[in-house]
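**Student:** Input structure: entry.pdb, which contains PDB, C-alpha atoms.
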```pdb
ATOM      1  CA  MET A1049    -167.670 163.583 133.915
ATOM      2  CA  THR A1050    -167.384 161.039 131.153
ATOM      3  CA  HIS A1051    -169.487 161.021 128.033
ATOM      4  CA  ARG A1052    -171.159 157.739 128.978
ATOM      5  CA  PHE A1053    -172.009 158.741 132.518
ATOM      6  CA  PHE A1054    -173.365 162.030 131.192
ATOM      7  CA  LYS A1055    -175.799 160.175 128.931
ATOM      8  CA  TYR A1056    -176.916 158.066 131.886
ATOM      9  CA  CYS A1057    -177.594 161.139 134.035
ATOM     10  CA  ILE A1058    -179.543 162.891 131.258
ATOM     11  CA  GLY A1059    -181.728 159.808 130.830
ATOM     12  CA  LEU A1060    -182.355 159.642 134.548
ATOM     13  CA  ALA A1061    -183.362 163.291 134.696
ATOM     14  CA  GLY A1062    -185.573 162.986 131.622
ATOM     15  CA  ILE A1063    -187.602 160.046 132.907
ATOM     16  CA  VAL A1064    -188.964 160.868 136.354
ATOM     17  CA  ALA A1065    -190.316 157.883 138.252
ATOM     18  CA  LEU A1066    -193.597 158.298 140.111
ATOM     19  CA  SER A1067    -193.991 154.768 141.405
ATOM     20  CA  SER A1068    -192.554 151.257 141.211
ATOM     21  CA  PHE A1069    -194.531 148.365 139.789
ATOM     22  CA  PHE A1070    -194.690 144.615 140.163
ATOM     23  CA  VAL A1071    -194.184 142.500 137.041
ATOM     24  CA  PRO A1072    -196.566 139.522 136.967
ATOM     25  CA  GLU A1073    -195.113 136.056 136.386
ATOM     26  CA  GLN A1074    -197.405 135.567 133.377
ATOM     27  CA  ALA A1075    -195.481 138.230 131.493
ATOM     28  CA  ILE A1076    -192.172 136.399 131.882
ATOM     29  CA  ALA A1077    -193.504 133.348 130.125
ATOM     30  CA  SER A1078    -194.186 134.951 126.747
ATOM     31  CA  GLN A1079    -190.732 136.428 126.320
ATOM     32  CA  LEU A1080    -188.142 133.762 125.704
ATOM     33  CA  PHE A1081    -189.696 132.571 122.465
ATOM     34  CA  PRO A1082    -191.791 135.420 121.003
ATOM     35  CA  GLU A1083    -193.083 134.939 117.471
ATOM     36  CA  VAL A1084    -192.569 138.515 116.307
ATOM     37  CA  VAL A1085    -189.838 140.988 117.206
ATOM     38  CA  LEU A1086    -191.444 144.409 117.343
ATOM     39  CA  SER A1087    -190.214 147.215 115.172
ATOM     40  CA  SER A1088    -189.881 150.695 116.633
ATOM     41  CA  GLU A1089    -193.247 151.689 115.145
ATOM     42  CA  GLU A1090    -195.024 148.658 116.612
ATOM     43  CA  GLU A1091    -193.517 148.679 120.084
ATOM     44  CA  ALA A1092    -196.014 150.842 121.955
ATOM     45  CA  GLY A1093    -199.295 149.254 120.863
ATOM     46  CA  ASP A1094    -198.198 145.613 120.864
ATOM     47  CA  ALA A1095    -196.263 145.951 124.093
ATOM     48  CA  LEU A1096    -199.324 147.110 126.023
ATOM     49  CA  LYS A1097    -201.304 144.244 124.528
ATOM     50  CA  ASN A1098    -198.781 141.485 125.259
ATOM     51  CA  ASP A1099    -197.230 142.735 128.524
ATOM     52  CA  VAL A1100    -193.857 142.463 126.804
ATOM     53  CA  VAL A1101    -191.706 144.645 124.661
ATOM     54  CA  CYS A1102    -188.892 143.305 122.469
ATOM     55  CA  LEU A1103    -186.043 145.781 122.013
ATOM     56  CA  ASP A1104    -183.007 145.560 119.737
ATOM     57  CA  ILE A1105    -179.815 147.084 121.152
ATOM     58  CA  SER A1106    -178.513 147.779 117.634
ATOM     59  CA  GLN A1107    -181.127 150.544 117.345
ATOM     60  CA  GLY A1108    -179.601 152.598 120.184
ATOM     61  CA  ASP A1109    -179.597 153.164 123.943
ATOM     62  CA  ILE A1110    -182.365 151.652 126.080
ATOM     63  CA  TYR A1111    -183.591 153.553 129.164
ATOM     64  CA  ILE A1112    -185.991 151.749 131.512
ATOM     65  CA  SER A1113    -187.829 153.457 134.368
ATOM     66  CA  SER A1114    -190.788 152.659 136.594
ATOM     67  CA  GLU A1115    -193.043 154.457 134.115
ATOM     68  CA  GLY A1116    -191.843 152.836 130.906
ATOM     69  CA  TYR A1117    -188.940 152.987 128.495
ATOM     70  CA  SER A1118    -187.225 155.321 126.072
ATOM     71  CA  ARG A1119    -184.875 154.801 123.133
ATOM     72  CA  GLU A1120    -183.385 158.294 123.478
ATOM     73  CA  ASP A1121    -181.920 160.307 126.368
ATOM     74  CA  ASP A1122    -184.239 163.271 125.775
ATOM     75  CA  GLY A1123    -187.002 162.130 128.119
ATOM     76  CA  THR A1124    -189.353 160.808 125.391
ATOM     77  CA  LEU A1125    -191.195 158.002 127.165
ATOM     78  CA  THR A1126    -193.320 155.033 126.081
ATOM     79  CA  ALA A1127    -195.534 154.025 129.005
ATOM     80  CA  PHE A1128    -195.136 150.328 129.776
ATOM     81  CA  GLU A1129    -195.462 147.917 132.703
ATOM     82  CA  GLY A1130    -194.205 144.469 131.789
ATOM     83  CA  VAL A1131    -191.214 142.375 130.803
ATOM     84  CA  TYR A1132    -188.383 143.663 128.628
ATOM     85  CA  ARG A1133    -186.735 141.248 126.200
ATOM     86  CA  ILE A1134    -183.492 142.671 124.829
ATOM     87  CA  SER A1135    -181.537 141.097 122.003
ATOM     88  CA  GLY A1136    -179.348 142.140 119.087
ATOM     89  CA  ASN A1137    -175.689 142.816 118.407
ATOM     90  CA  SER A1138    -173.873 146.126 118.830
ATOM     91  CA  ARG A1139    -170.293 147.355 118.701
ATOM     92  CA  GLU A1140    -171.354 150.954 119.324
ATOM     93  CA  ASP A1141    -171.444 152.785 122.669
ATOM     94  CA  TYR A1142    -175.089 151.788 123.144
ATOM     95  CA  GLY A1143    -176.064 150.704 126.654
ATOM     96  CA  ILE A1144    -178.946 149.478 128.796
ATOM     97  CA  TYR A1145    -179.860 151.807 131.680
ATOM     98  CA  ILE A1146    -182.242 150.635 134.403
ATOM     99  CA  LEU A1147    -183.049 153.984 135.987
ATOM    100  CA  ASP A1148    -185.451 153.105 138.812
ATOM    101  CA  GLY A1149    -188.231 150.741 139.846
ATOM    102  CA  ILE A1150    -188.802 146.974 139.904
ATOM    103  CA  HIS A1151    -188.178 145.209 136.603
ATOM    104  CA  THR A1152    -187.816 141.885 134.832
ATOM    105  CA  VAL A1153    -185.400 141.884 131.893
ATOM    106  CA  ILE A1154    -184.510 138.956 129.641
ATOM    107  CA  LEU A1155    -181.192 139.021 127.757
ATOM    108  CA  ASP A1156    -181.741 136.808 124.723
ATOM    109  CA  ASP A1157    -178.542 136.170 122.691
ATOM    110  CA  LEU A1158    -177.500 139.771 123.337
ATOM    111  CA  THR A1159    -174.031 141.052 122.423
ATOM    112  CA  ILE A1160    -172.683 144.473 123.382
ATOM    113  CA  ASP A1161    -168.976 144.642 122.531
ATOM    114  CA  GLN A1162    -167.379 148.024 123.301
ATOM    115  CA  ARG A1163    -163.733 146.923 123.562
ATOM    116  CA  THR A1164    -162.602 149.321 120.838
ATOM    117  CA  LEU A1165    -164.250 152.290 122.609
ATOM    118  CA  ARG A1166    -163.488 154.303 125.745
ATOM    119  CA  GLN A1167    -165.503 155.179 128.832
ATOM    120  CA  CYS A1168    -168.745 153.383 128.030
ATOM    121  CA  CYS A1169    -170.617 150.655 129.881
ATOM    122  CA  PRO A1170    -172.969 148.021 128.405
ATOM    123  CA  MET A1171    -175.404 147.944 131.346
ATOM    124  CA  ILE A1172    -176.040 150.063 134.448
ATOM    125  CA  VAL A1173    -178.595 149.310 137.172
ATOM    126  CA  GLY A1174    -179.487 152.549 138.958
ATOM    127  CA  GLU A1175    -179.685 153.248 142.677
ATOM    128  CA  ASP A1176    -182.306 151.297 144.651
ATOM    129  CA  CYS A1177    -183.513 149.389 141.559
ATOM    130  CA  ASP A1178    -184.764 145.811 141.940
ATOM    131  CA  LEU A1179    -183.897 143.802 138.812
ATOM    132  CA  THR A1180    -184.587 140.173 137.967
ATOM    133  CA  LEU A1181    -182.294 139.323 135.053
ATOM    134  CA  TYR A1182    -183.161 136.194 133.046
ATOM    135  CA  LEU A1183    -180.587 134.728 130.647
ATOM    136  CA  HIS A1184    -181.435 132.854 127.472
ATOM    137  CA  GLY A1185    -178.858 131.716 124.942
ATOM    138  CA  ASP A1186    -175.360 133.189 124.835
ATOM    139  CA  ASN A1187    -174.911 136.780 126.000
ATOM    140  CA  VAL A1188    -171.903 139.115 125.962
ATOM    141  CA  LEU A1189    -171.329 142.375 127.865
ATOM    142  CA  PHE A1190    -167.844 143.702 127.049
ATOM    143  CA  ALA A1191    -167.204 147.239 128.332
ATOM    144  CA  GLY A1192    -165.194 150.064 126.867
ATOM    145  CA  ALA A1193    -161.753 150.799 128.281
ATOM    146  CA  GLY A1194    -161.902 151.638 131.975
ATOM    147  CA  TYR A1195    -165.457 150.456 132.678
ATOM    148  CA  SER A1196    -167.152 147.297 133.953
ATOM    149  CA  GLY A1197    -169.471 145.116 131.889
ATOM    150  CA  LEU A1198    -172.227 145.569 134.476
ATOM    151  CA  VAL A1199    -172.494 148.326 137.082
ATOM    152  CA  VAL A1200    -174.890 147.916 140.024
ATOM    153  CA  ARG A1201    -175.388 151.253 141.780
ATOM    154  CA  ASP A1202    -175.715 151.895 145.511
ATOM    155  CA  GLY A1203    -178.742 150.169 147.069
ATOM    156  CA  ALA A1204    -179.704 148.226 143.930
ATOM    157  CA  SER A1205    -180.471 144.506 143.842
ATOM    158  CA  VAL A1206    -179.875 142.163 140.872
ATOM    159  CA  ASP A1207    -180.997 138.515 140.747
ATOM    160  CA  ILE A1208    -179.560 136.614 137.753
ATOM    161  CA  GLN A1209    -181.360 133.455 136.586
ATOM    162  CA  GLY A1210    -180.508 131.103 133.723
ATOM    163  CA  PHE A1211    -182.738 128.496 132.059
ATOM    164  CA  GLY A1212    -181.850 125.901 129.472
ATOM    165  CA  LEU A1213    -178.350 125.870 127.981
ATOM    166  CA  GLY A1214    -176.385 129.097 127.608
ATOM    167  CA  SER A1215    -173.854 131.538 128.985
ATOM    168  CA  ILE A1216    -173.038 135.130 129.798
ATOM    169  CA  ALA A1217    -169.573 136.668 129.530
ATOM    170  CA  LEU A1218    -168.627 140.057 131.002
ATOM    171  CA  MET A1219    -165.359 141.900 130.570
ATOM    172  CA  ALA A1220    -163.830 145.117 131.888
ATOM    173  CA  TYR A1221    -161.338 146.054 129.192
ATOM    174  CA  PRO A1222    -158.214 147.676 130.704
ATOM    175  CA  GLU A1223    -157.486 151.343 130.023
ATOM    176  CA  ASN A1224    -154.066 152.693 129.068
ATOM    177  CA  THR A1225    -153.523 155.726 131.301
ATOM    178  CA  GLY A1226    -150.046 156.470 129.952
ATOM    179  CA  GLU A1227    -148.514 154.878 133.010
ATOM    180  CA  GLY A1228    -149.585 151.364 132.143
ATOM    181  CA  LEU A1229    -152.822 149.382 131.865
ATOM    182  CA  VAL A1230    -155.411 149.951 134.577
ATOM    183  CA  GLY A1231    -158.317 147.530 134.892
ATOM    184  CA  THR A1232    -161.420 147.110 136.995
ATOM    185  CA  SER A1233    -163.769 144.246 137.824
ATOM    186  CA  ALA A1234    -166.107 142.669 135.289
ATOM    187  CA  ILE A1235    -169.069 143.495 137.543
ATOM    188  CA  ASP A1236    -168.949 146.609 139.697
ATOM    189  CA  VAL A1237    -171.265 146.322 142.697
ATOM    190  CA  GLU A1238    -171.322 149.534 144.699
ATOM    191  CA  GLU A1239    -171.814 149.921 148.438
ATOM    192  CA  ASP A1240    -175.099 148.557 149.830
ATOM    193  CA  ALA A1241    -175.891 146.926 146.476
ATOM    194  CA  CYS A1242    -176.216 143.162 146.054
ATOM    195  CA  ILE A1243    -176.180 140.600 143.260
ATOM    196  CA  GLN A1244    -177.365 136.988 143.221
ATOM    197  CA  TYR A1245    -175.846 134.603 140.676
ATOM    198  CA  PRO A1246    -177.639 131.590 139.100
ATOM    199  CA  GLU A1247    -178.144 128.550 141.311
ATOM    200  CA  THR A1248    -178.902 124.935 140.479
ATOM    201  CA  ILE A1249    -182.475 123.740 140.793
ATOM    202  CA  GLY A1250    -182.116 119.966 140.241
ATOM    203  CA  ASP A1251    -179.454 117.287 140.547
ATOM    204  CA  GLU A1252    -178.733 117.377 136.802
ATOM    205  CA  ASP A1253    -178.151 121.129 136.713
ATOM    206  CA  GLU A1254    -174.695 122.516 136.076
ATOM    207  CA  ILE A1255    -173.506 126.067 136.627
ATOM    208  CA  ASP A1256    -169.848 127.064 136.282
ATOM    209  CA  ILE A1257    -168.405 130.490 137.011
ATOM    210  CA  TYR A1258    -164.998 131.433 135.614
ATOM    211  CA  THR A1259    -163.026 134.539 136.506
ATOM    212  CA  GLY A1260    -159.779 136.171 135.472
ATOM    213  CA  ASP A1261    -157.776 133.983 133.133
ATOM    214  CA  ASN A1262    -160.544 131.414 132.796
ATOM    215  CA  ARG A1263    -160.123 130.232 136.394
ATOM    216  CA  LEU A1264    -162.984 128.211 137.784
ATOM    217  CA  SER A1265    -164.508 129.998 140.783
ATOM    218  CA  PRO A1266    -166.917 127.698 142.658
ATOM    219  CA  GLU A1267    -167.685 130.330 145.286
ATOM    220  CA  ARG A1268    -170.147 133.075 144.374
ATOM    221  CA  ALA A1269    -168.422 136.205 145.551
ATOM    222  CA  CYS A1270    -170.479 139.375 145.591
ATOM    223  CA  THR A1271    -168.395 141.548 143.292
ATOM    224  CA  TYR A1272    -165.448 139.577 141.910
ATOM    225  CA  ASN A1273    -163.231 142.519 142.739
ATOM    226  CA  GLU A1274    -160.033 142.828 140.725
ATOM    227  CA  GLU A1275    -161.273 140.224 138.252
ATOM    228  CA  PRO A1276    -161.607 141.790 134.782
ATOM    229  CA  TYR A1277    -163.344 138.774 133.240
ATOM    230  CA  LEU A1278    -166.373 136.802 134.369
ATOM    231  CA  GLN A1279    -168.122 133.991 132.526
ATOM    232  CA  ILE A1280    -171.119 132.020 133.712
ATOM    233  CA  THR A1281    -172.146 128.898 131.803
ATOM    234  CA  TYR A1282    -175.338 127.130 132.729
ATOM    235  CA  SER A1283    -177.249 123.998 131.862
ATOM    236  CA  VAL A1284    -180.340 124.139 134.002
ATOM    237  CA  SER A1285    -183.023 121.475 133.714
ATOM    238  CA  HIS A1286    -186.560 122.410 134.534
ATOM    239  CA  ARG A1287    -189.920 120.661 134.793
ATOM    240  CA  CYS A1288    -192.676 122.875 133.513
ATOM    241  CA  THR A1289    -195.491 122.601 136.048
ATOM    242  CA  VAL A1290    -196.665 126.185 136.514
ATOM    243  CA  LEU A1291    -198.329 126.962 133.201
ATOM    244  CA  SER A1292    -200.117 129.850 131.545
ATOM    245  CA  PRO A1293    -203.704 129.390 130.293
ATOM    246  CA  GLU A1294    -204.368 126.675 127.711
ATOM    247  CA  ALA A1295    -203.198 127.451 124.189
ATOM    248  CA  ASP A1296    -205.732 128.611 121.634
ATOM    249  CA  CYS A1297    -205.579 130.220 118.198
ATOM    250  CA  THR A1298    -204.375 133.533 119.663
ATOM    251  CA  HIS A1299    -201.584 132.442 122.017
ATOM    252  CA  SER A1300    -199.317 129.544 122.953
ATOM    253  CA  GLN A1301    -199.091 127.984 126.396
ATOM    254  CA  TYR A1302    -195.880 128.714 128.339
ATOM    255  CA  CYS A1303    -194.213 127.716 131.552
ATOM    256  CA  LEU A1304    -194.503 130.678 133.900
ATOM    257  CA  GLU A1305    -191.144 129.942 135.510
ATOM    258  CA  CYS A1306    -188.742 129.432 132.605
ATOM    259  CA  GLY A1307    -190.675 130.769 129.614
ATOM    260  CA  ARG A1308    -190.470 127.568 127.580
ATOM    261  CA  GLU A1309    -193.292 127.050 125.081
ATOM    262  CA  VAL A1310    -195.251 124.000 126.222
ATOM    263  CA  ARG A1311    -197.882 123.982 123.489
ATOM    264  CA  GLY A1312    -198.116 126.025 120.331
ATOM    265  CA  LYS A1313    -201.106 127.880 119.002
ATOM    266  CA  THR A1314    -204.070 125.726 117.968
ATOM    267  CA  PRO A1315    -205.799 125.990 114.557
ATOM    268  CA  HIS A1316    -208.625 128.460 114.085
ATOM    269  CA  ILE A1317    -212.173 127.210 114.575
ATOM    270  CA  ILE A1318    -214.305 128.278 111.635
ATOM    271  CA  GLY A1319    -217.425 130.068 112.796
ATOM    272  CA  SER A1320    -218.850 131.551 109.602
ATOM    273  CA  ALA A1321    -217.983 130.109 106.218
ATOM    274  CA  ALA A1322    -216.350 132.087 103.432
ATOM    275  CA  THR A1323    -218.602 134.010 101.064
ATOM    276  CA  CYS A1324    -218.120 135.477  97.619
ATOM    277  CA  THR A1325    -216.739 138.702  99.069
ATOM    278  CA  GLU A1326    -215.301 137.737 102.492
ATOM    279  CA  GLY A1327    -213.134 134.962 103.894
ATOM    280  CA  ALA A1328    -214.209 132.635 106.682
ATOM    281  CA  THR A1329    -213.967 133.921 110.261
ATOM    282  CA  CYS A1330    -212.755 132.197 113.418
ATOM    283  CA  SER A1331    -215.394 131.766 116.100
ATOM    284  CA  VAL A1332    -212.765 132.230 118.850
ATOM    285  CA  CYS A1333    -210.797 135.316 117.815
ATOM    286  CA  GLY A1334    -212.840 136.685 114.903
ATOM    287  CA  GLU A1335    -209.834 136.683 112.570
ATOM    288  CA  THR A1336    -210.430 136.236 108.843
ATOM    289  CA  VAL A1337    -209.192 132.826 107.705
ATOM    290  CA  GLY A1338    -208.408 132.386 104.028
ATOM    291  CA  ASP A1339    -209.620 134.365 101.024
ATOM    292  CA  ALA A1340    -213.060 135.170  99.712
ATOM    293  CA  LEU A1341    -214.495 132.605  97.281
ATOM    294  CA  GLY A1342    -215.228 135.091  94.516
ATOM    295  CA  HIS A1343    -218.390 135.353  92.437
ATOM    296  CA  ARG A1344    -219.335 132.569  90.051
ATOM    297  CA  GLY A1345    -221.345 132.701  86.881
ATOM    298  CA  VAL A1346    -221.279 133.431  83.156
ATOM    299  CA  TRP A1347    -220.689 136.921  81.731
ATOM    300  CA  LYS A1348    -223.183 137.867  79.018
ATOM    301  CA  LEU A1349    -223.332 140.833  76.656
ATOM    302  CA  ASP A1350    -225.550 143.631  77.932
ATOM    303  CA  GLN A1351    -224.851 146.511  75.521
ATOM    304  CA  VAL A1352    -222.217 147.877  73.120
ATOM    305  CA  SER A1353    -220.843 151.436  72.917
ATOM    306  CA  GLY A1354    -218.020 153.428  71.334
ATOM    307  CA  ASN A1355    -218.766 152.206  67.836
ATOM    308  CA  GLY A1356    -218.534 148.609  68.987
ATOM    309  CA  ARG A1357    -215.255 148.973  70.900
ATOM    310  CA  TYR A1358    -216.673 148.774  74.416
ATOM    311  CA  ARG A1359    -218.831 145.899  75.623
ATOM    312  CA  ARG A1360    -220.761 146.101  78.864
ATOM    313  CA  GLU A1361    -221.295 142.634  80.255
ATOM    314  CA  VAL A1362    -223.571 141.390  83.022
ATOM    315  CA  MET A1363    -223.410 138.357  85.307
ATOM    316  CA  ILE A1364    -225.760 137.086  87.968
ATOM    317  CA  CYS A1365    -223.721 135.217  90.613
ATOM    318  CA  THR A1366    -224.965 131.653  90.948
ATOM    319  CA  VAL A1367    -223.932 131.619  94.624
ATOM    320  CA  CYS A1368    -225.172 134.910  96.123
ATOM    321  CA  HIS A1369    -227.368 136.032  93.179
ATOM    322  CA  GLU A1370    -225.805 139.510  93.080
ATOM    323  CA  THR A1371    -225.966 141.257  89.680
ATOM    324  CA  LEU A1372    -222.535 142.371  88.487
ATOM    325  CA  TYR A1373    -221.417 144.523  85.568
ATOM    326  CA  ARG A1374    -218.108 144.998  83.810
ATOM    327  CA  THR A1375    -216.844 146.913  80.788
ATOM    328  CA  VAL A1376    -214.539 145.229  78.299
ATOM    329  CA  ASP A1377    -212.347 147.185  75.870
ATOM    330  CA  THR A1378    -212.100 145.052  72.730
ATOM    331  CA  GLY A1379    -209.631 147.454  71.081
ATOM    332  CA  GLU A1380    -211.592 147.261  67.813
ATOM    333  CA  ASN A1381    -214.018 149.631  66.085
ATOM    334  CA  LYS A1382    -216.680 148.496  63.657
TER     335      LYS A1382
END
```
Could you rewrite the structure in this file as structure tokens?
**Tutor:**
Amino acid sequence: MTHRFFKYCIGLAGIVALSSFFVPEQAIASQLFPEVVLSSEEEAGDALKNDVVCLDISQGDIYISSEGYSREDDGTLTAFEGVYRISGNSREDYGIYILDGIHTVILDDLTIDQRTLRQCCPMIVGEDCDLTLYLHGDNVLFAGAGYSGLVVRDGASVDIQGFGLGSIALMAYPENTGEGLVGTSAIDVEEDACIQYPETIGDEDEIDIYTGDNRLSPERACTYNEEPYLQITYSVSHRCTVLSPEADCTHSQYCLECGREVRGKTPHIIGSAATCTEGATCSVCGETVGDALGHRGVWKLDQVSGNGRYRREVMICTVCHETLYRTVDTGENK
């Protein structure tokens, strides 16, 4: 059993699926152009709030199950039901493992290049999984020697969709067995599994699929057997008609089909004005807007101590009428 397959099996055993879940369309919309990429410390709380989690492949393996996700293969799980946006650049043996369940994953300018390694795979979709795979920007899945760029296990289903202008390239790097180079297909689709490639939506759309030595392949074969290289380029136009709720100061408005931002966040609406000690607050979200005004007035001498070195001064704020005191060290003794 290879090292890479062993890691996959450990992750599968460590994350036991109790049930599948359905990912709402609203969650897809907020992923292609998120404002903040979550750090590892922020992932759990913000993900549950936004129905999205943004993961960076350069931080290590990603295991996704029907219950949530894990960054390690020890079974440590972060509960989550939403859309996964995966980006970053890695030349390590890090991979994406869809263990079980129904999922939506967005690859956003993701690069996993394992050509200098052996027996490792960038992405594996487990048995009986149902995966909708959205593409944004340019993505690369190059496998280690002897493996495919994408493996779809028995009974799994993968639907690949592209929006805007971009590409995905997959490569199965040949392995030297001592008796010559032995290669496999760029995408390995096992028995009873299926994969759906991007399709045009309008007359101006363009989708090209190249295999092998950059040969144009107009037909959409199921597995591209014996072809070690697969590249899909897409320019897909889209009219945004199915929209998320109107934008406000807390969120933008997105197209629920392609994820494009239709309208950015609106300015805050001031509910309570700033005071001497607190900034203004938004009447919509309650967020503090701007800084406190600060007290205003004239400091006057109240008393002297320390043989004239320390001066206690008093001020009555002309705005809020609060009485304030301060001690001033003059640095001099009389």
**Student:** Please compute the atom CA of A:Glu1380-atom CA of A:Gly1356 distance, one decimal, in Å.
**Tutor:**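 Atom CA of A:Glu1380 sits 7.2 Å away from atom CA of A:Gly1356.
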**Student:** Identify which of the residues A:Ser1196, A:Asn1355, A:Thr1325, A:Gln1301 lies closest to A:Leu1278, counting only C-alpha atoms when measuring atom-to-atom distances.
**Tutor:**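 For A:Leu1278, the nearest of the candidates is A:Ser1196.
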**Student:** Would you mind listing what lies within 8 Å of stretch 1168-1176 of chain A as a PyMOL selection string, with only C-alpha atoms counted and same-chain residues fewer than 6 positions away left out?
**Tutor:** chain A and resi 1051-1053+1141-1149+1160-1162+1189-1193+1195-1205+1241
**Student:** Just say which residues the PyMOL selection byres ((chain A and resi 1128) around 6) picks in this file, as a PyMOL selection string.
**Tutor:** chain A and resi 1116+1127+1129
**Student:** Applying the PyMOL selection byres ((chain A and resi 1317-1319) around 6) to the file I just gave you, which residues come out? Please list them as a compact mmCIF listing (two decimals) with C-alpha atoms, in the coordinates of the input.
**Tutor:**
```txt
# COMPACT_ATOMS: atom_id res chain seq x y z
CA HIS A 1316 -208.62 128.46 114.08
CA SER A 1320 -218.85 131.55 109.60
CA THR A 1329 -213.97 133.92 110.26
CA CYS A 1330 -212.76 132.20 113.42
CA SER A 1331 -215.39 131.77 116.10
```
**Student:** From the options A:Val1310, A:Val1206, A:Met1219, A:Val1346, which residue's atoms come nearest to A:Pro1293, counting only C-alpha atoms?
**Tutor:** A:Val1310
**Student:** With distances taken over only C-alpha atoms, which of A:Gln1107, A:Thr1281, A:Asp1236, A:Ile1364 is nearest to A:Asn1187?
**Tutor:**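 For A:Asn1187, the nearest of the candidates is A:Thr1281.
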**Student:** Identify, on the basis of all atoms listed in the file, every residue whose closest approach to A:Gly1327 does not exceed 7 Å; exclude the query and any residue fewer than 4 positions from it along the same chain; express the result as a PyMOL selection string.
**Tutor:** chain A and resi 1322-1323+1336-1340
**Student:** Convert the current residue selection to file output with C-alpha atoms, as a PDB file, in the frame of the given file.
**Tutor:**
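Below is the file that was written, out05.pdb:
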```pdb
ATOM      1  CA  ALA A1322    -216.350 132.087 103.432  1.00  0.00           C
ATOM      2  CA  THR A1323    -218.602 134.010 101.064  1.00  0.00           C
ATOM      3  CA  THR A1336    -210.430 136.236 108.843  1.00  0.00           C
ATOM      4  CA  VAL A1337    -209.192 132.826 107.705  1.00  0.00           C
ATOM      5  CA  GLY A1338    -208.408 132.386 104.028  1.00  0.00           C
ATOM      6  CA  ASP A1339    -209.620 134.365 101.024  1.00  0.00           C
ATOM      7  CA  ALA A1340    -213.060 135.170  99.712  1.00  0.00           C
TER       8      ALA A1340
END
```
**Student:** To one decimal in Å, tell me the separation between atom CA of A:Ser1233 and atom CA of A:Val1153.
**Tutor:**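 Distance between the two atoms: 22.6 Å.
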**Student:** Can you patch up stretch 1131-1143 of chain A, filling it in to N, CA and C atoms, and show the result as an mmCIF file, in the coordinates of the input?
**Tutor:**
```
data_model
loop_
_atom_site.group_PDB
_atom_site.id
_atom_site.type_symbol
_atom_site.label_atom_id
_atom_site.label_comp_id
_atom_site.auth_asym_id
_atom_site.auth_seq_id
_atom_site.Cartn_x
_atom_site.Cartn_y
_atom_site.Cartn_z
ATOM 1 N N VAL A 1131 -192.534 142.987 130.929
ATOM 2 C CA VAL A 1131 -191.214 142.375 130.803
ATOM 3 C C VAL A 1131 -190.501 142.925 129.575
ATOM 4 N N TYR A 1132 -189.210 143.177 129.728
ATOM 5 C CA TYR A 1132 -188.383 143.663 128.628
ATOM 6 C C TYR A 1132 -187.512 142.519 128.113
ATOM 7 N N ARG A 1133 -187.611 142.236 126.836
ATOM 8 C CA ARG A 1133 -186.735 141.248 126.200
ATOM 9 C C ARG A 1133 -185.783 142.014 125.289
ATOM 10 N N ILE A 1134 -184.495 141.894 125.563
ATOM 11 C CA ILE A 1134 -183.492 142.671 124.829
ATOM 12 C C ILE A 1134 -182.558 141.712 124.108
ATOM 13 N N SER A 1135 -182.391 141.938 122.814
ATOM 14 C CA SER A 1135 -181.537 141.097 122.003
ATOM 15 C C SER A 1135 -180.758 141.992 121.038
ATOM 16 N N GLY A 1136 -180.075 141.375 120.096
ATOM 17 C CA GLY A 1136 -179.348 142.140 119.087
ATOM 18 C C GLY A 1136 -177.849 142.144 119.321
ATOM 19 N N ASN A 1137 -177.149 142.780 118.396
ATOM 20 C CA ASN A 1137 -175.689 142.816 118.407
ATOM 21 C C ASN A 1137 -175.226 144.240 118.142
ATOM 22 N N SER A 1138 -174.340 144.756 118.996
ATOM 23 C CA SER A 1138 -173.873 146.126 118.830
ATOM 24 C C SER A 1138 -172.404 146.241 119.198
ATOM 25 N N ARG A 1139 -171.676 146.986 118.392
ATOM 26 C CA ARG A 1139 -170.293 147.355 118.701
ATOM 27 C C ARG A 1139 -170.184 148.871 118.892
ATOM 28 N N GLU A 1140 -171.320 149.518 119.066
ATOM 29 C CA GLU A 1140 -171.354 150.954 119.324
ATOM 30 C C GLU A 1140 -171.315 151.195 120.833
ATOM 31 N N ASP A 1141 -171.432 152.469 121.234
ATOM 32 C CA ASP A 1141 -171.444 152.785 122.669
ATOM 33 C C ASP A 1141 -172.856 152.753 123.234
ATOM 34 N N TYR A 1142 -173.723 151.905 122.657
ATOM 35 C CA TYR A 1142 -175.089 151.788 123.144
ATOM 36 C C TYR A 1142 -175.112 150.983 124.439
ATOM 37 N N GLY A 1143 -175.988 151.383 125.373
ATOM 38 C CA GLY A 1143 -176.064 150.704 126.654
ATOM 39 C C GLY A 1143 -177.489 150.533 127.116
#
```
